[in-house]
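Coordinates as given in data-v5.cif (mmCIF, C-alpha atoms):
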data_query
#
loop_
_atom_site.label_atom_id
_atom_site.label_comp_id
_atom_site.auth_asym_id
_atom_site.auth_seq_id
_atom_site.Cartn_x
_atom_site.Cartn_y
_atom_site.Cartn_z
CA MET A 1 -6.89 -20.21 21.67
CA LYS A 2 -5.40 -17.06 20.20
CA ARG A 3 -1.98 -17.67 18.70
CA ASN A 4 0.86 -15.28 19.38
CA THR A 5 3.20 -13.82 16.79
CA ALA A 6 5.97 -16.32 17.52
CA SER A 7 3.75 -19.36 16.90
CA VAL A 8 2.42 -17.97 13.63
CA VAL A 9 5.92 -17.10 12.45
CA ARG A 10 7.10 -20.63 13.25
CA GLN A 11 4.15 -22.10 11.34
CA PHE A 12 5.06 -20.17 8.21
CA LYS A 13 8.79 -20.93 8.73
CA LYS A 14 9.60 -17.24 8.99
CA ALA A 15 12.09 -15.59 11.30
CA LEU A 16 11.00 -13.31 14.11
CA PRO A 17 11.77 -9.62 13.54
CA GLN A 18 15.01 -8.47 15.12
CA PHE A 19 16.73 -5.15 15.63
CA PRO A 20 20.48 -4.75 15.04
CA ALA A 21 22.30 -5.82 18.20
CA GLY A 22 24.92 -3.60 19.80
CA LEU A 23 23.96 -0.46 17.90
CA ASN A 24 22.50 2.75 19.26
CA GLN A 25 19.80 4.83 17.62
CA TYR A 26 20.74 7.05 14.68
CA HIS A 27 20.78 10.29 16.69
CA SER A 28 23.32 8.82 19.15
CA TYR A 29 26.04 8.98 16.50
CA VAL A 30 25.56 12.68 15.79
CA LYS A 31 27.89 15.01 17.68
CA PRO A 32 26.03 17.44 19.96
CA THR A 33 27.70 20.36 18.20
CA ALA A 34 26.91 19.07 14.72
CA LYS A 35 24.07 20.56 12.73
CA LEU A 36 22.87 18.15 10.08
CA PRO A 37 20.98 19.58 7.11
CA LYS A 38 17.23 19.52 7.53
CA ALA A 39 15.28 17.29 5.19
CA PRO A 40 13.57 19.17 2.34
CA PRO A 41 9.76 19.08 2.08
CA SER A 42 9.92 16.27 -0.49
CA LEU A 43 12.37 13.76 -1.94
CA ASP A 44 11.85 12.17 -5.35
CA THR A 45 15.28 11.16 -6.67
CA TYR A 46 13.95 7.63 -7.09
CA THR A 47 11.76 8.78 -10.00
CA LYS A 48 14.88 8.96 -12.19
CA ILE A 49 14.86 5.16 -12.29
CA LYS A 50 12.03 4.08 -14.56
CA ARG A 51 12.16 0.32 -14.11
CA TRP A 52 13.27 -1.96 -11.31
CA PRO A 53 13.84 -5.71 -11.64
CA LEU A 54 12.01 -8.20 -9.44
CA ASP A 55 15.37 -9.76 -8.58
CA GLY A 56 13.74 -13.14 -8.07
CA ASN A 57 11.25 -11.94 -5.47
CA ALA A 58 8.33 -13.37 -7.43
CA TYR A 59 9.67 -16.87 -6.72
CA TYR A 60 11.93 -16.50 -3.68
CA GLY A 61 11.59 -14.78 -0.33
CA ASP A 62 14.65 -12.70 -1.15
CA CYS A 63 13.18 -9.23 -0.58
CA THR A 64 16.01 -8.37 1.84
CA MET A 65 18.60 -9.01 -0.87
CA ALA A 66 16.51 -7.38 -3.60
CA ALA A 67 16.22 -4.26 -1.42
CA ALA A 68 20.01 -4.17 -1.06
CA ALA A 69 20.48 -4.48 -4.82
CA HIS A 70 17.96 -1.68 -5.38
CA ALA A 71 19.89 0.45 -2.90
CA ILE A 72 23.09 0.10 -4.93
CA HIS A 73 21.17 1.05 -8.07
CA LEU A 74 19.72 4.16 -6.43
CA TRP A 75 23.04 5.22 -4.89
CA ASN A 76 24.61 5.09 -8.35
CA VAL A 77 21.99 7.56 -9.56
CA ILE A 78 22.44 9.86 -6.56
CA THR A 79 26.25 9.87 -6.57
CA HIS A 80 26.76 9.55 -10.34
CA GLU A 81 28.92 6.49 -9.76
CA SER A 82 28.86 3.17 -11.57
CA ASN A 83 29.15 0.46 -8.94
CA PRO A 84 28.09 -2.88 -10.44
CA VAL A 85 24.41 -3.55 -9.79
CA PRO A 86 23.88 -7.29 -9.21
CA LEU A 87 21.87 -9.21 -11.79
CA THR A 88 18.77 -11.13 -10.76
CA SER A 89 20.70 -14.41 -10.85
CA GLU A 90 23.34 -12.92 -8.55
CA VAL A 91 20.73 -11.61 -6.11
CA VAL A 92 19.07 -15.04 -5.92
CA ARG A 93 22.40 -16.83 -5.57
CA GLU A 94 23.46 -14.57 -2.69
CA TYR A 95 20.10 -15.13 -1.01
CA ARG A 96 20.30 -18.93 -1.33
CA LYS A 97 23.70 -18.88 0.39
CA PHE A 98 22.00 -17.86 3.63
CA ALA A 99 18.36 -18.97 3.35
CA LYS A 100 17.34 -22.42 4.60
CA THR A 101 14.49 -22.71 2.09
CA PRO A 102 13.46 -20.71 -1.02
CA GLN A 103 10.69 -18.90 0.90
CA ALA A 104 12.27 -18.72 4.36
CA GLY A 105 13.40 -15.12 4.01
CA LEU A 106 16.27 -13.50 5.89
CA ILE A 107 16.57 -11.25 8.91
CA GLU A 108 17.31 -7.69 7.81
CA ALA A 109 19.68 -7.09 10.73
CA ASN A 110 21.78 -10.08 9.64
CA VAL A 111 21.80 -8.98 6.00
CA LEU A 112 23.02 -5.53 7.04
CA LYS A 113 25.73 -7.05 9.24
CA THR A 114 26.96 -9.23 6.38
CA TRP A 115 26.80 -6.32 3.94
CA HIS A 116 28.89 -4.22 6.32
CA ARG A 117 31.46 -6.78 7.44
CA GLY A 118 31.99 -9.05 4.46
CA GLY A 119 30.11 -7.38 1.65
CA LEU A 120 27.44 -8.47 -0.81
CA TRP A 121 28.39 -8.94 -4.48
CA GLY A 122 31.76 -7.34 -3.75
CA HIS A 123 30.03 -4.21 -2.38
CA ARG A 124 30.34 -3.08 1.24
CA ILE A 125 28.50 -0.41 3.18
CA LEU A 126 30.52 1.73 5.59
CA GLY A 127 27.97 1.44 8.37
CA TYR A 128 24.32 1.39 9.39
CA THR A 129 22.22 2.29 12.41
CA PRO A 130 18.62 1.80 13.62
CA ILE A 131 16.11 4.64 13.36
CA ASN A 132 13.14 5.34 15.60
CA VAL A 133 10.24 4.28 13.38
CA HIS A 134 7.91 6.68 15.19
CA ASN A 135 10.07 9.72 14.43
CA ILE A 136 8.85 10.85 11.02
CA ALA A 137 11.27 13.78 10.78
CA MET A 138 14.24 11.51 11.49
CA ILE A 139 13.20 9.00 8.82
CA LYS A 140 12.93 11.81 6.27
CA GLN A 141 16.31 13.20 7.27
CA ALA A 142 17.96 9.78 6.95
CA ALA A 143 16.40 9.17 3.54
CA TYR A 144 17.59 12.60 2.40
CA LEU A 145 21.15 12.25 3.73
CA TYR A 146 21.74 8.60 2.83
CA GLY A 147 19.45 8.04 -0.14
CA LEU A 148 17.08 5.55 1.46
CA VAL A 149 15.99 3.84 4.65
CA TYR A 150 16.11 0.03 4.70
CA VAL A 151 12.94 -0.97 6.55
CA GLY A 152 10.80 -4.00 7.26
CA VAL A 153 7.04 -4.31 7.64
CA GLN A 154 4.86 -7.03 9.15
CA LEU A 155 2.13 -8.32 6.83
CA THR A 156 -1.25 -9.53 8.04
CA LYS A 157 -4.05 -11.71 6.71
CA SER A 158 -5.96 -8.67 5.46
CA ALA A 159 -2.92 -7.59 3.42
CA GLU A 160 -2.76 -11.05 1.84
CA LYS A 161 -6.46 -10.90 1.03
CA GLN A 162 -6.15 -7.46 -0.56
CA TYR A 163 -3.25 -8.66 -2.67
CA LYS A 164 -5.14 -11.70 -3.94
CA GLN A 165 -8.03 -9.40 -4.86
CA ARG A 166 -5.56 -7.15 -6.71
CA LYS A 167 -6.35 -4.30 -4.36
CA PRO A 168 -3.83 -1.87 -2.87
CA TRP A 169 -2.83 -2.42 0.73
CA ALA A 170 -4.95 -0.47 3.16
CA LEU A 171 -5.48 -0.62 6.90
CA VAL A 172 -8.65 -2.37 7.99
CA ARG A 173 -10.69 -1.80 11.08
CA ASP A 174 -9.05 -3.28 14.19
CA TRP A 175 -5.80 -3.73 12.26
CA LYS A 176 -3.83 -3.51 15.51
CA THR A 177 -5.30 -6.84 16.62
CA GLU A 178 -4.19 -8.72 13.50
CA ILE A 179 -1.42 -11.27 13.85
CA PRO A 180 1.49 -10.83 11.41
CA LEU A 181 1.96 -13.68 8.93
CA GLY A 182 5.44 -12.62 7.90
CA GLY A 183 7.68 -9.69 7.10
CA HIS A 184 8.75 -7.85 3.98
CA ALA A 185 11.73 -5.60 3.26
CA ILE A 186 10.90 -2.27 1.64
CA PRO A 187 13.48 0.47 1.01
CA ILE A 188 11.97 3.87 1.74
CA VAL A 189 13.36 5.99 -1.09
CA GLY A 190 11.28 9.17 -1.04
CA TYR A 191 8.59 11.15 0.67
CA ASP A 192 6.38 14.22 0.48
CA ARG A 193 4.18 16.03 2.99
CA ASP A 194 1.81 13.10 3.42
CA CYS A 195 3.59 9.90 2.42
CA PHE A 196 6.74 7.86 2.40
CA TYR A 197 7.50 6.07 -0.87
CA GLY A 198 9.06 2.65 -1.13
CA PHE A 199 9.78 0.23 -3.95
CA ILE A 200 7.60 -2.86 -3.91
CA ARG A 201 7.97 -5.08 -6.95
CA LEU A 202 7.97 -2.81 -10.02
CA SER A 203 5.68 -0.13 -8.63
CA CYS A 204 6.20 2.61 -6.12
CA GLY A 205 3.75 2.48 -3.26
CA SER A 206 3.36 4.81 -0.33
CA LEU A 207 3.24 4.74 3.44
CA LYS A 208 1.29 7.57 5.00
CA SER A 209 2.52 9.28 8.13
CA ASP A 210 -0.16 9.73 10.76
CA LYS A 211 0.51 11.30 14.16
CA GLY A 212 4.10 10.19 14.20
CA GLN A 213 3.49 6.64 13.04
CA ALA A 214 3.90 5.18 9.58
CA ARG A 215 0.87 3.41 8.15
CA HIS A 216 -0.41 2.27 4.76
CA ASN A 217 -2.49 4.82 2.87
CA GLY A 218 -3.95 2.42 0.32
CA ASN A 219 -1.39 2.85 -2.46
CA ILE A 220 1.13 0.20 -1.58
CA ARG A 221 1.63 -3.14 -3.30
CA ARG A 222 3.63 -6.01 -1.93
CA SER A 223 6.17 -8.26 -3.59
#
Please express what this file holds, its structure, as structure tokens.
Amino acid sequence: MKRNTASVVRQFKKALPQFPAGLNQYHSYVKPTAKLPKAPPSLDTYTKIKRWPLDGNAYYGDCTMAAAAHAIHLWNVITHESNPVPLTSEVVREYRKFAKTPQAGLIEANVLKTWHRGGLWGHRILGYTPINVHNIAMIKQAAYLYGLVYVGVQLTKSAEKQYKQRKPWALVRDWKTEIPLGGHAIPIVGYDRDCFYGFIRLSCGSLKSDKGQARHNGNIRRS
């Protein structure tokens, strides 16, 4: 019998993906008379940071917290500020406060809520809002205006196989029929005409836009 996503997620002790509750889409918060700047053809501010720490993600399922720490680091570069960037030990400690097991992972919507209401590592974000993942122009605009887009992806068996073979992630035939094994948080920090770029471990991989939907283009590595 074919297993559904929920049963597979329960087997691997992962949480089901969730969208932030009680929030409207990004465009709903823009005044009708407001004219936001259009996103430039490319965004590569992230290249100013030459090395990113794993923040414990090689041993813990703390990608949601690592992504938040990377965001603070990148915002410092963009704004020329010096907000304290949490150390790896601090990232792991914050993750273990909320995670039931070392590999359980966390729900991104809950991490964002905590980051907004109570703060993480003494740092608070002023707000956040969901974005239509099929609207490529909107994702680019958000990355340009706010520095990054905090996203999650669902990983499949083929992605696990490619990783074990030390191959880049790439879509396989009939990928839409694959059952997700778990999720991963990836901050989208840049883009060009063909790809979105996100930090995964210490390398920068890419997500290719195709007819309004984001997909892997074969250059992305997981953490």
Could you give me, as a Markdown table, every range 43-102 of chain A residue with an atom at most 8 Å from range 166-189 of chain A, plus its closest atom pair and distance in Å to one decimal, counting all atoms listed in the file, rows ordered by chain then number?
| residue | atom | partner | partner_atom | distance |
| --- | --- | --- | --- | --- |
| A:Leu43 | CA | A:Val189 | CA | 7.9 |
| A:Asp44 | CA | A:Val189 | CA | 7.7 |
| A:Thr45 | CA | A:Val189 | CA | 7.8 |
| A:Tyr46 | CA | A:Val189 | CA | 6.2 |
| A:Cys63 | CA | A:Ala185 | CA | 5.5 |
| A:Thr64 | CA | A:Ala185 | CA | 5.3 |
| A:Ala67 | CA | A:Pro187 | CA | 6.0 |
| A:Ala71 | CA | A:Pro187 | CA | 7.5 |
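Counting from CA of Arg117 in chain A, the distance to CA of Ala39 in chain A is 29.1 Å.
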re CA of Tyr197 in chain A and CA of Val30 in chain A: distance 25.4 Å
For Val149 in chain A, please output as a ChimeraX atom specification all residues within 12 Å (counting all atoms listed in the file; exclusion window: fewer than 4 positions along the same chain).
-> /A:26,67-68,70-71,74-75,112,128-133,136,138-145,185-191,196-199
Would you output that residue set with C-alpha atoms, as a PDB file, in the frame of the given file?
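The result, written out as result20.pdb:
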ATOM      1  CA  TYR A  26      20.740   7.050  14.680  1.00  0.00           C
ATOM      2  CA  ALA A  67      16.220  -4.260  -1.420  1.00  0.00           C
ATOM      3  CA  ALA A  68      20.010  -4.170  -1.060  1.00  0.00           C
ATOM      4  CA  HIS A  70      17.960  -1.680  -5.380  1.00  0.00           C
ATOM      5  CA  ALA A  71      19.890   0.450  -2.900  1.00  0.00           C
ATOM      6  CA  LEU A  74      19.720   4.160  -6.430  1.00  0.00           C
ATOM      7  CA  TRP A  75      23.040   5.220  -4.890  1.00  0.00           C
ATOM      8  CA  LEU A 112      23.020  -5.530   7.040  1.00  0.00           C
ATOM      9  CA  TYR A 128      24.320   1.390   9.390  1.00  0.00           C
ATOM     10  CA  THR A 129      22.220   2.290  12.410  1.00  0.00           C
ATOM     11  CA  PRO A 130      18.620   1.800  13.620  1.00  0.00           C
ATOM     12  CA  ILE A 131      16.110   4.640  13.360  1.00  0.00           C
ATOM     13  CA  ASN A 132      13.140   5.340  15.600  1.00  0.00           C
ATOM     14  CA  VAL A 133      10.240   4.280  13.380  1.00  0.00           C
ATOM     15  CA  ILE A 136       8.850  10.850  11.020  1.00  0.00           C
ATOM     16  CA  MET A 138      14.240  11.510  11.490  1.00  0.00           C
ATOM     17  CA  ILE A 139      13.200   9.000   8.820  1.00  0.00           C
ATOM     18  CA  LYS A 140      12.930  11.810   6.270  1.00  0.00           C
ATOM     19  CA  GLN A 141      16.310  13.200   7.270  1.00  0.00           C
ATOM     20  CA  ALA A 142      17.960   9.780   6.950  1.00  0.00           C
ATOM     21  CA  ALA A 143      16.400   9.170   3.540  1.00  0.00           C
ATOM     22  CA  TYR A 144      17.590  12.600   2.400  1.00  0.00           C
ATOM     23  CA  LEU A 145      21.150  12.250   3.730  1.00  0.00           C
ATOM     24  CA  ALA A 185      11.730  -5.600   3.260  1.00  0.00           C
ATOM     25  CA  ILE A 186      10.900  -2.270   1.640  1.00  0.00           C
ATOM     26  CA  PRO A 187      13.480   0.470   1.010  1.00  0.00           C
ATOM     27  CA  ILE A 188      11.970   3.870   1.740  1.00  0.00           C
ATOM     28  CA  VAL A 189      13.360   5.990  -1.090  1.00  0.00           C
ATOM     29  CA  GLY A 190      11.280   9.170  -1.040  1.00  0.00           C
ATOM     30  CA  TYR A 191       8.590  11.150   0.670  1.00  0.00           C
ATOM     31  CA  PHE A 196       6.740   7.860   2.400  1.00  0.00           C
ATOM     32  CA  TYR A 197       7.500   6.070  -0.870  1.00  0.00           C
ATOM     33  CA  GLY A 198       9.060   2.650  -1.130  1.00  0.00           C
ATOM     34  CA  PHE A 199       9.780   0.230  -3.950  1.00  0.00           C
TER      35      PHE A 199
END
Who sits within 12 Å of Arg93 in chain A, all atoms listed in the file, same chain under 2 positions skipped, as a PyMOL selection string = chain A and resi 55-56+60+62+65-66+86-91+95-99+102+120-121
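We find CA of Ser82 in chain A and CA of Gly61 in chain A to be spaced 27.3 Å apart.
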Proximity to Thr47 in chain A - best of A:Ile78, A:Gln154, A:Tyr29, A:His116, only C-alpha atoms |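 The shortest atom-to-atom distance to Thr47 in chain A comes from A:Ile78.
Nearest residue to Glu108 in chain A, choosing from A:Ala137, A:Ile125, A:Ala69, A:Val151 and counting all atoms listed in the file: A:Val151.
Checking A:Val92, A:Ala58, A:Cys195, A:Ala109 one by one against Tyr150 in chain A, counting all atoms listed in the file, you find the shortest gap at A:Ala109.
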Would you please work out which residue, of A:Ser28, A:Asn76, A:Val153, A:Gly147, is nearest to Ile107 in chain A when using all atoms listed in the file?
->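 Closest to Ile107 in chain A of all the choices is A:Val153.
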